[in-house]
Structure formats: C-alpha cells, structure tokens
>>> print(open('query_24.cif').read())   # mmCIF, C-alpha atoms
data_data
loop_
_atom_site.label_atom_id
_atom_site.label_comp_id
_atom_site.auth_asym_id
_atom_site.auth_seq_id
_atom_site.Cartn_x
_atom_site.Cartn_y
_atom_site.Cartn_z
CA ALA A 1 2.22 -18.55 -4.32
CA GLN A 2 0.69 -15.12 -4.40
CA LYS A 3 -0.16 -13.75 -0.98
CA ILE A 4 -2.99 -11.58 -2.33
CA THR A 5 -4.97 -12.33 -5.48
CA GLN A 6 -7.31 -9.91 -7.15
CA THR A 7 -8.76 -11.56 -10.25
CA GLN A 8 -10.72 -8.59 -11.63
CA PRO A 9 -8.42 -6.18 -13.51
CA GLY A 10 -11.36 -3.93 -14.32
CA MET A 11 -14.95 -3.53 -13.19
CA PHE A 12 -17.82 -1.33 -14.27
CA VAL A 13 -20.81 -0.39 -12.15
CA GLN A 14 -23.80 1.82 -12.70
CA GLU A 15 -24.07 4.83 -10.43
CA LYS A 16 -26.11 4.08 -7.27
CA GLU A 17 -25.67 0.33 -7.71
CA ALA A 18 -23.62 -1.94 -5.45
CA VAL A 19 -20.40 -3.62 -6.57
CA THR A 20 -18.22 -6.38 -5.13
CA LEU A 21 -14.46 -6.43 -5.62
CA ASP A 22 -12.89 -9.83 -5.07
CA CYS A 23 -9.83 -10.62 -2.98
CA THR A 24 -8.37 -13.91 -1.83
CA TYR A 25 -5.35 -14.30 0.40
CA ASP A 26 -2.85 -16.92 1.40
CA THR A 27 -1.29 -17.14 4.84
CA SER A 28 -0.43 -19.72 7.45
CA ASP A 29 -0.46 -17.15 10.26
CA GLN A 30 -3.29 -17.21 12.77
CA SER A 31 -3.10 -13.49 13.37
CA TYR A 32 -3.24 -11.23 10.35
CA GLY A 33 -5.05 -8.17 9.08
CA LEU A 34 -6.81 -7.45 5.81
CA PHE A 35 -7.12 -4.00 4.31
CA TRP A 36 -8.61 -2.28 1.33
CA TYR A 37 -7.09 0.87 -0.12
CA LYS A 38 -8.40 3.20 -2.80
CA GLN A 39 -6.02 4.92 -5.20
CA PRO A 40 -7.51 7.71 -7.35
CA SER A 41 -5.71 8.91 -10.45
CA SER A 42 -3.87 11.47 -8.33
CA GLY A 43 -1.89 8.60 -6.81
CA GLU A 44 -2.42 8.76 -3.07
CA MET A 45 -3.39 5.56 -1.28
CA ILE A 46 -6.48 6.01 0.85
CA PHE A 47 -7.29 3.52 3.60
CA LEU A 48 -10.89 2.30 3.38
CA ILE A 49 -11.53 -0.60 5.71
CA TYR A 50 -9.84 -3.15 7.97
CA GLN A 51 -10.69 -6.69 9.06
CA GLY A 52 -8.73 -8.54 11.73
CA SER A 53 -8.39 -12.29 11.45
CA TYR A 54 -10.07 -12.76 14.83
CA ASP A 55 -12.95 -10.42 14.11
CA GLU A 56 -16.14 -12.45 13.92
CA GLN A 57 -18.25 -9.75 12.36
CA ASN A 58 -17.70 -8.28 8.93
CA ALA A 59 -16.22 -4.79 9.03
CA THR A 60 -18.27 -1.86 7.80
CA GLU A 61 -17.30 1.77 7.18
CA GLY A 62 -20.08 3.86 5.72
CA ARG A 63 -20.77 2.59 2.20
CA TYR A 64 -17.91 0.09 2.42
CA SER A 65 -18.22 -3.37 3.88
CA LEU A 66 -15.84 -6.27 3.89
CA ASN A 67 -17.25 -9.72 3.27
CA PHE A 68 -14.82 -11.86 5.29
CA GLN A 69 -14.97 -15.60 4.70
CA LYS A 70 -12.10 -17.02 6.71
CA ALA A 71 -12.45 -20.63 5.61
CA ARG A 72 -12.35 -19.59 1.99
CA LYS A 73 -9.60 -17.06 2.67
CA SER A 74 -11.52 -14.33 0.93
CA ALA A 75 -12.00 -10.68 1.85
CA ASN A 76 -14.23 -9.09 -0.74
CA LEU A 77 -14.99 -5.38 -0.68
CA VAL A 78 -18.58 -4.34 -1.19
CA ILE A 79 -19.32 -0.75 -2.16
CA SER A 80 -22.97 0.17 -1.88
CA ALA A 81 -24.69 3.02 -3.70
CA SER A 82 -21.73 3.69 -6.01
CA GLN A 83 -20.82 7.27 -6.72
CA LEU A 84 -18.84 8.78 -9.60
CA GLY A 85 -16.08 9.60 -7.13
CA ASP A 86 -15.62 5.90 -6.43
CA SER A 87 -13.91 5.49 -9.81
CA ALA A 88 -10.36 4.51 -8.88
CA MET A 89 -7.97 1.60 -8.41
CA TYR A 90 -8.70 -0.58 -5.40
CA PHE A 91 -6.05 -2.64 -3.68
CA CYS A 92 -6.49 -5.47 -1.25
CA ALA A 93 -3.65 -5.91 1.23
CA MET A 94 -2.69 -8.25 4.04
CA ARG A 95 -0.58 -7.62 7.12
CA GLU A 96 1.45 -10.44 8.63
CA GLY A 97 4.01 -10.44 11.38
CA SER A 98 4.28 -10.37 15.12
CA GLY A 99 5.07 -6.69 15.14
CA ILE A 100 8.39 -7.09 16.94
CA SER A 101 10.35 -6.03 13.87
CA GLY A 102 7.47 -4.38 12.13
CA ASN A 103 4.72 -5.94 10.10
CA GLN A 104 4.95 -7.21 6.54
CA PHE A 105 2.35 -6.02 4.08
CA TYR A 106 1.40 -7.66 0.80
CA PHE A 107 -0.64 -6.04 -1.93
CA GLY A 108 -2.72 -7.40 -4.76
CA THR A 109 -2.47 -6.22 -8.35
CA GLY A 110 -5.54 -4.06 -7.99
CA THR A 111 -8.96 -3.67 -9.58
CA SER A 112 -9.83 -0.62 -11.63
CA LEU A 113 -13.39 0.43 -10.88
CA THR A 114 -15.31 2.70 -13.23
CA VAL A 115 -18.64 4.11 -12.15
CA ILE A 116 -20.94 4.85 -15.07
CA PRO A 117 -23.40 7.75 -14.78
CA GLU B 1 -4.34 15.16 11.16
CA ALA B 2 -0.82 13.73 11.06
CA GLU B 3 0.46 12.83 7.62
CA VAL B 4 3.37 11.13 5.96
CA ALA B 5 5.34 13.79 4.12
CA GLN B 6 7.14 13.03 0.87
CA SER B 7 9.13 15.13 -1.55
CA PRO B 8 9.48 15.86 -4.34
CA ARG B 9 5.99 15.20 -5.63
CA TYR B 10 7.24 14.93 -9.19
CA LYS B 11 10.73 14.37 -10.60
CA ILE B 12 11.85 14.24 -14.19
CA THR B 13 15.41 13.21 -14.82
CA GLU B 14 17.61 11.84 -17.55
CA LYS B 15 18.99 8.34 -17.38
CA SER B 16 22.32 7.96 -15.59
CA GLN B 17 21.52 10.89 -13.30
CA ALA B 18 21.13 10.60 -9.54
CA VAL B 19 17.74 10.96 -7.88
CA ALA B 20 16.78 11.24 -4.22
CA PHE B 21 13.42 11.01 -2.47
CA TRP B 22 12.66 12.07 1.08
CA CYS B 23 10.05 10.82 3.51
CA ASP B 24 9.01 11.94 6.97
CA PRO B 25 6.68 9.42 8.62
CA ILE B 26 4.00 10.11 11.17
CA SER B 27 5.51 10.91 14.53
CA GLY B 28 5.87 7.81 16.67
CA HIS B 29 5.72 5.35 13.80
CA ALA B 30 8.71 3.08 14.17
CA THR B 31 8.20 1.19 10.92
CA LEU B 32 8.82 2.88 7.59
CA TYR B 33 8.37 1.38 4.15
CA TRP B 34 9.43 2.40 0.66
CA TYR B 35 7.34 0.94 -2.15
CA ARG B 36 7.69 1.21 -5.92
CA GLN B 37 4.52 1.18 -7.96
CA ILE B 38 4.63 0.82 -11.71
CA LEU B 39 1.60 2.21 -13.50
CA GLY B 40 -1.28 -0.25 -13.42
CA GLN B 41 0.31 -2.52 -10.83
CA GLY B 42 0.27 -2.91 -7.07
CA PRO B 43 2.94 -1.49 -4.77
CA GLU B 44 6.08 -3.58 -4.39
CA LEU B 45 8.21 -3.32 -1.28
CA LEU B 46 11.70 -1.98 -1.80
CA VAL B 47 12.85 -1.59 1.79
CA GLN B 48 11.42 -1.73 5.29
CA PHE B 49 12.93 -0.04 8.34
CA GLN B 50 12.30 -0.65 11.99
CA ASP B 51 13.60 2.49 13.66
CA GLU B 52 17.00 2.99 12.01
CA SER B 53 17.53 -0.67 11.11
CA VAL B 54 16.75 -2.31 7.79
CA VAL B 55 14.33 -5.19 8.30
CA ASP B 56 13.85 -6.19 4.68
CA ASP B 57 15.65 -4.95 1.59
CA SER B 58 15.56 -8.18 -0.36
CA GLN B 59 13.84 -6.52 -3.34
CA LEU B 60 16.00 -3.41 -3.38
CA PRO B 61 18.31 -3.32 -6.44
CA LYS B 62 21.38 -2.61 -4.38
CA ASP B 63 23.63 -1.88 -7.34
CA ARG B 64 21.79 1.38 -7.90
CA PHE B 65 19.36 1.92 -5.03
CA SER B 66 20.19 2.87 -1.47
CA ALA B 67 18.05 3.83 1.49
CA GLU B 68 18.79 5.17 4.90
CA ARG B 69 16.99 6.22 8.04
CA LEU B 70 19.89 7.43 10.12
CA LYS B 71 18.08 8.72 13.21
CA GLY B 72 15.10 6.44 12.94
CA VAL B 73 12.81 9.25 11.86
CA ASP B 74 12.91 10.54 8.29
CA SER B 75 14.32 8.53 5.41
CA THR B 76 15.96 9.03 2.04
CA LEU B 77 15.78 6.73 -0.97
CA LYS B 78 18.44 7.26 -3.64
CA ILE B 79 18.82 5.97 -7.17
CA GLN B 80 22.16 6.29 -8.92
CA PRO B 81 22.31 5.99 -11.84
CA ALA B 82 18.66 6.19 -12.84
CA GLU B 83 17.49 3.92 -15.67
CA LEU B 84 14.46 4.15 -17.93
CA GLY B 85 12.82 1.24 -16.11
CA ASP B 86 12.90 3.17 -12.85
CA SER B 87 10.03 5.37 -14.01
CA ALA B 88 7.35 4.73 -11.40
CA MET B 89 5.62 6.10 -8.33
CA TYR B 90 7.68 5.81 -5.17
CA LEU B 91 5.48 5.53 -2.14
CA CYS B 92 6.53 5.96 1.44
CA ALA B 93 4.40 4.55 4.23
CA SER B 94 4.62 4.18 7.97
CA SER B 95 2.84 2.21 10.64
CA TYR B 96 2.92 1.35 14.31
CA SER B 97 5.08 -1.64 15.06
CA ARG B 98 2.28 -3.52 16.71
CA SER B 99 -1.42 -3.74 16.23
CA SER B 100 -3.23 -3.63 19.53
CA GLY B 101 -6.38 -2.22 20.96
CA SER B 102 -7.93 0.19 18.52
CA ASN B 103 -4.79 0.28 16.42
CA THR B 104 -5.31 -1.71 13.24
CA GLY B 105 -1.67 -1.54 12.25
CA GLU B 106 -2.67 0.00 8.94
CA LEU B 107 -0.22 1.60 6.59
CA PHE B 108 -0.33 5.36 6.30
CA PHE B 109 0.87 6.52 2.91
CA GLY B 110 2.40 9.73 1.69
CA GLU B 111 1.26 11.30 -1.56
CA GLY B 112 4.09 9.61 -3.42
CA SER B 113 6.92 10.78 -5.64
CA ARG B 114 6.32 10.24 -9.33
CA LEU B 115 9.58 9.65 -11.19
CA THR B 116 9.98 9.94 -14.94
CA VAL B 117 13.32 8.92 -16.43
CA LEU B 118 13.98 10.17 -19.97
#
>>> encode(input="query_24.cif", output="structure tokens")
Amino acid sequence: AQKITQTQPGMFVQEKEAVTLDCTYDTSDQSYGLFWYKQPSSGEMIFLIYQGSYDEQNATEGRYSLNFQKARKSANLVISASQLGDSAMYFCAMREGSGISGNQFYFGTGTSLTVIP
Amino acid sequence: EAEVAQSPRYKITEKSQAVAFWCDPISGHATLYWYRQILGQGPELLVQFQDESVVDDSQLPKDRFSAERLKGVDSTLKIQPAELGDSAMYLCASSYSRSSGSNTGELFFGEGSRLTVL
C-alpha cells in the first residue's frame, strides 16, 4: 500500500482564492510527522509546514494551514489568498521511525498547482 | 542560514560514462539521504546514512550505483556506467536523527543535481 497518496495530479486556482491540496497517509505508528514541501520549476524543495501526530491543533504558517484529520488519516494543505508565485509542485510527506537509526520519509507523487491571474 | 550543499548543479554526460555527485549536509545532521526524482514524480529514496553507516539502500541499483559517507559528514553518489534512464534530479537531504522539542525532524534539501544522459 502507498504510504502517501495525493490524488490530484494538477490543480488550478484563481489568484487571491483559497485552494486545498489533498493528502492521505498510511501508517501503523503512533508517532509520526506530516510535512508539505513546495518545489518550484527551479527544482529546490522548500519546507512549508509540519504537523506532528500528537498535535491537537492544526498547524498554520502564514498563508499555509494543514487540515489534520487523524481518524481519516488525511493531512490536506490549504493555501489562502493564492499568489502567482504559489504555482509549483507540492509534495506531501510523512516521517516514521524512532530516530535511533534516522527517520524514514515517504513522499507522495505530488500535485501541480497553477495560479491563474 | 545553514544549507545543504550539492554539486554539480547540472551534469550532462553520455551513456556508459561515470558520474559523481557530492553533498555536504547541515553541520550536526547525522542522517543523510540521497533521493532520485524523475520529472513529474515524487522523490524516491536511493540510500540513507546514519553517520557513516548505510541504514537503507534497498532501492539503490547496486550494479551501477554506489554511495559513501566515509567520515560521517559529506557524501558522494556515483553512477557507473550511466544509462539513459538515469536522467533525473538527484536530491540530497539531511535531518536530525530525532525529533524533539522544537525540532520537527524535517528534511533539509540541497538544490539538487540535474543529470542528463545522452
């Protein structure tokens, strides 16, 4: 089974509107972390937001928020007030592991977001 | 701000040639990862180091790929011989071994090395 599933290969959003990028995950660990990364066309992976499995409140970082629904095993990224510079690939990732020998990270296939002026 | 350094940024080579990529993680990061990312896809783990030891290389094509982190700091990924299907972005990342306190255990990525095999 896939550890991380992103079902939206491509998304379009009007500038200044909000958009939700879907992510579901699969793990039997009690302690894990969920991340979203942005990858512009230049190729670098930019960390956006983090949610720990024990965090009760949804994470927020500026215009980014993570809608964490633990029972559904979903970790959707919400981008508010979209900007042209938000056009990029977005990857959901999960961290597992106790940390003794390093953590394991799993990535989804990504969602390509295009912001329309 | 500390960064993960990678070189070269771009590499064009002919098939059957040897290629090498270098990565210097953030100081103090014990865990180092090499990922391969084919255009339009997510990163796939090639090899994971904990200090100088390989933790996971199950997806590394060992007939042509090798990786080392001799002193537990910087790392080299080699391909010999390169094949057309090796054209991809090779990403290096590092992280703390443990997540604790304010440390989220996130991956810090380098800018990547884009390989084109002709």
>>> resolve_selection(input="query_24.cif", expression="the PyMOL selection byres ((chain A) within 9 of (chain B))", output="list in words")
Gly33, Phe35, Ser42, Gly43, Glu44, Met45, Ile46, Phe47, Tyr50, Gln51, Gly52, Met89, Phe91, Arg95, Gly97, Ser98, Gly99, Ile100, Ser101, Gly102, Asn103, Gln104, Phe105, Tyr106, Phe107, Gly108, Thr109, Gly110 and Ser112 of chain A
>>> closest_residue(input="query_24.cif", among="A:Leu66, A:Ala1, A:Met11, A:Ala75", to="Met94 (chain A)", atoms="all atoms listed in the file")
A:Ala75
>>> closest_residue(input="query_24.cif", among="A:Pro117, A:Ile79, A:Ala88, A:Tyr54", to="Asp29 (chain A)", atoms="only C-alpha atoms")
A:Tyr54
>>> axis_aligned_box(input="query_24.cif", around="region 45-52 of chain B", padding_each_side="8 Å", output="AutoDock Vina command-line options")
--center_x 12.6 --center_y -0.2 --center_z 5.9 --size_x 24.8 --size_y 22.3 --size_z 31.5
>>> residues_around(input="query_24.cif", residues="Leu84 (chain B)", least_positions_apart="6", cutoff="9 Å", atoms="only C-alpha atoms", output="ChimeraX atom specification")
/B:14-15,116-118
>>> closest_residue(input="query_24.cif", among="A:Ala59, A:Ile4, A:Leu77, A:Leu34", to="Ala18 (chain A)", atoms="only C-alpha atoms")
A:Leu77
>>> resolve_selection(input="query_24.cif", expression="the PyMOL selection byres ((chain B and resi 16-25) around 8)", output="list in words")
Glu3, Val4, Ala5, Gln6, Ser7, Pro8, Thr13, Glu14, Lys15, Ile26, Ser27, His29, Leu32, Val73, Asp74, Ser75, Thr76, Leu77, Lys78, Ile79, Gln80, Pro81, Ala82, Glu83, Cys92, Ala93, Ser94, Gly110 and Ser113 of chain B
>>> write_last_selection(input="query_24.cif", atoms="C-alpha atoms", output="CSV table (one decimal), keeping the file's coordinate frame")
chain,number,residue,atom,x,y,z
B,3,GLU,CA,0.5,12.8,7.6
B,4,VAL,CA,3.4,11.1,6.0
B,5,ALA,CA,5.3,13.8,4.1
B,6,GLN,CA,7.1,13.0,0.9
B,7,SER,CA,9.1,15.1,-1.6
B,8,PRO,CA,9.5,15.9,-4.3
B,13,THR,CA,15.4,13.2,-14.8
B,14,GLU,CA,17.6,11.8,-17.6
B,15,LYS,CA,19.0,8.3,-17.4
B,26,ILE,CA,4.0,10.1,11.2
B,27,SER,CA,5.5,10.9,14.5
B,29,HIS,CA,5.7,5.4,13.8
B,32,LEU,CA,8.8,2.9,7.6
B,73,VAL,CA,12.8,9.2,11.9
B,74,ASP,CA,12.9,10.5,8.3
B,75,SER,CA,14.3,8.5,5.4
B,76,THR,CA,16.0,9.0,2.0
B,77,LEU,CA,15.8,6.7,-1.0
B,78,LYS,CA,18.4,7.3,-3.6
B,79,ILE,CA,18.8,6.0,-7.2
B,80,GLN,CA,22.2,6.3,-8.9
B,81,PRO,CA,22.3,6.0,-11.8
B,82,ALA,CA,18.7,6.2,-12.8
B,83,GLU,CA,17.5,3.9,-15.7
B,92,CYS,CA,6.5,6.0,1.4
B,93,ALA,CA,4.4,4.6,4.2
B,94,SER,CA,4.6,4.2,8.0
B,110,GLY,CA,2.4,9.7,1.7
B,113,SER,CA,6.9,10.8,-5.6
>>> resolve_selection(input="query_24.cif", expression="the PyMOL selection byres ((chain A and resi 23) around 9)", output="VMD selection string")
chain A and resid 4 to 8 21 to 22 24 to 25 73 to 77 91 to 93 108
>>> atom_distance(input="query_24.cif", atom1="CA of Phe68 (chain A)", atom2="CA of Gly10 (chain A)")
21.4 Å
>>> atom_distance(input="query_24.cif", atom1="CA of Arg64 (chain B)", atom2="CA of Asp86 (chain B)")
10.3 Å
>>> atom_distance(input="query_24.cif", atom1="CA of Leu46 (chain B)", atom2="CA of Lys62 (chain B)")
10.0 Å
>>> decode(input="query_24.cif", residues="region 1-23 of chain A", atoms="N, CA and C atoms", output="PDB file, in the first residue's frame")
ATOM      1  N   ALA A   1       0.843  -1.194   0.000  1.00  0.00           N
ATOM      2  CA  ALA A   1       0.000   0.000   0.000  1.00  0.00           C
ATOM      3  C   ALA A   1       0.879   1.246   0.000  1.00  0.00           C
ATOM      4  N   GLN A   2       0.382   2.268  -0.671  1.00  0.00           N
ATOM      5  CA  GLN A   2       1.103   3.525  -0.705  1.00  0.00           C
ATOM      6  C   GLN A   2       1.104   4.156   0.674  1.00  0.00           C
ATOM      7  N   LYS A   3       2.236   4.697   1.059  1.00  0.00           N
ATOM      8  CA  LYS A   3       2.321   5.381   2.352  1.00  0.00           C
ATOM      9  C   LYS A   3       1.672   6.759   2.271  1.00  0.00           C
ATOM     10  N   ILE A   4       1.874   7.440   1.146  1.00  0.00           N
ATOM     11  CA  ILE A   4       1.323   8.777   0.939  1.00  0.00           C
ATOM     12  C   ILE A   4       0.589   8.793  -0.398  1.00  0.00           C
ATOM     13  N   THR A   5      -0.634   9.265  -0.392  1.00  0.00           N
ATOM     14  CA  THR A   5      -1.432   9.331  -1.612  1.00  0.00           C
ATOM     15  C   THR A   5      -1.880  10.766  -1.866  1.00  0.00           C
ATOM     16  N   GLN A   6      -1.520  11.247  -3.027  1.00  0.00           N
ATOM     17  CA  GLN A   6      -2.005  12.547  -3.476  1.00  0.00           C
ATOM     18  C   GLN A   6      -2.789  12.287  -4.752  1.00  0.00           C
ATOM     19  N   THR A   7      -4.072  12.510  -4.725  1.00  0.00           N
ATOM     20  CA  THR A   7      -4.948  12.094  -5.821  1.00  0.00           C
ATOM     21  C   THR A   7      -5.148  13.173  -6.877  1.00  0.00           C
ATOM     22  N   GLN A   8      -4.612  14.348  -6.669  1.00  0.00           N
ATOM     23  CA  GLN A   8      -4.806  15.465  -7.601  1.00  0.00           C
ATOM     24  C   GLN A   8      -3.503  15.727  -8.363  1.00  0.00           C
ATOM     25  N   PRO A   9      -3.364  15.219  -9.571  1.00  0.00           N
ATOM     26  CA  PRO A   9      -2.130  15.477 -10.324  1.00  0.00           C
ATOM     27  C   PRO A   9      -1.954  16.963 -10.624  1.00  0.00           C
ATOM     28  N   GLY A  10      -3.074  17.644 -10.917  1.00  0.00           N
ATOM     29  CA  GLY A  10      -2.997  19.058 -11.238  1.00  0.00           C
ATOM     30  C   GLY A  10      -4.195  19.805 -10.689  1.00  0.00           C
ATOM     31  N   MET A  11      -3.927  21.039 -10.247  1.00  0.00           N
ATOM     32  CA  MET A  11      -4.991  21.890  -9.734  1.00  0.00           C
ATOM     33  C   MET A  11      -4.807  23.302 -10.272  1.00  0.00           C
ATOM     34  N   PHE A  12      -5.945  23.977 -10.476  1.00  0.00           N
ATOM     35  CA  PHE A  12      -5.916  25.370 -10.893  1.00  0.00           C
ATOM     36  C   PHE A  12      -6.670  26.190  -9.847  1.00  0.00           C
ATOM     37  N   VAL A  13      -6.179  27.389  -9.603  1.00  0.00           N
ATOM     38  CA  VAL A  13      -6.867  28.272  -8.664  1.00  0.00           C
ATOM     39  C   VAL A  13      -6.722  29.706  -9.158  1.00  0.00           C
ATOM     40  N   GLN A  14      -7.761  30.471  -8.947  1.00  0.00           N
ATOM     41  CA  GLN A  14      -7.724  31.879  -9.303  1.00  0.00           C
ATOM     42  C   GLN A  14      -6.887  32.628  -8.260  1.00  0.00           C
ATOM     43  N   GLU A  15      -6.143  33.578  -8.744  1.00  0.00           N
ATOM     44  CA  GLU A  15      -5.351  34.418  -7.833  1.00  0.00           C
ATOM     45  C   GLU A  15      -6.262  35.003  -6.752  1.00  0.00           C
ATOM     46  N   LYS A  16      -5.764  35.018  -5.521  1.00  0.00           N
ATOM     47  CA  LYS A  16      -6.430  35.546  -4.327  1.00  0.00           C
ATOM     48  C   LYS A  16      -7.471  34.593  -3.744  1.00  0.00           C
ATOM     49  N   GLU A  17      -7.731  33.479  -4.429  1.00  0.00           N
ATOM     50  CA  GLU A  17      -8.652  32.496  -3.887  1.00  0.00           C
ATOM     51  C   GLU A  17      -7.883  31.492  -3.028  1.00  0.00           C
ATOM     52  N   ALA A  18      -8.631  30.699  -2.253  1.00  0.00           N
ATOM     53  CA  ALA A  18      -8.031  29.629  -1.460  1.00  0.00           C
ATOM     54  C   ALA A  18      -8.099  28.309  -2.221  1.00  0.00           C
ATOM     55  N   VAL A  19      -7.160  27.423  -1.927  1.00  0.00           N
ATOM     56  CA  VAL A  19      -7.128  26.117  -2.580  1.00  0.00           C
ATOM     57  C   VAL A  19      -6.718  25.062  -1.566  1.00  0.00           C
ATOM     58  N   THR A  20      -7.286  23.872  -1.709  1.00  0.00           N
ATOM     59  CA  THR A  20      -6.954  22.749  -0.837  1.00  0.00           C
ATOM     60  C   THR A  20      -6.317  21.639  -1.647  1.00  0.00           C
ATOM     61  N   LEU A  21      -5.149  21.212  -1.205  1.00  0.00           N
ATOM     62  CA  LEU A  21      -4.439  20.091  -1.837  1.00  0.00           C
ATOM     63  C   LEU A  21      -4.569  18.881  -0.919  1.00  0.00           C
ATOM     64  N   ASP A  22      -5.039  17.774  -1.489  1.00  0.00           N
ATOM     65  CA  ASP A  22      -5.360  16.598  -0.691  1.00  0.00           C
ATOM     66  C   ASP A  22      -4.154  15.693  -0.459  1.00  0.00           C
ATOM     67  N   CYS A  23      -4.154  15.078   0.724  1.00  0.00           N
ATOM     68  CA  CYS A  23      -3.112  14.108   1.064  1.00  0.00           C
ATOM     69  C   CYS A  23      -3.683  13.114   2.073  1.00  0.00           C
TER      70      CYS A  23
END
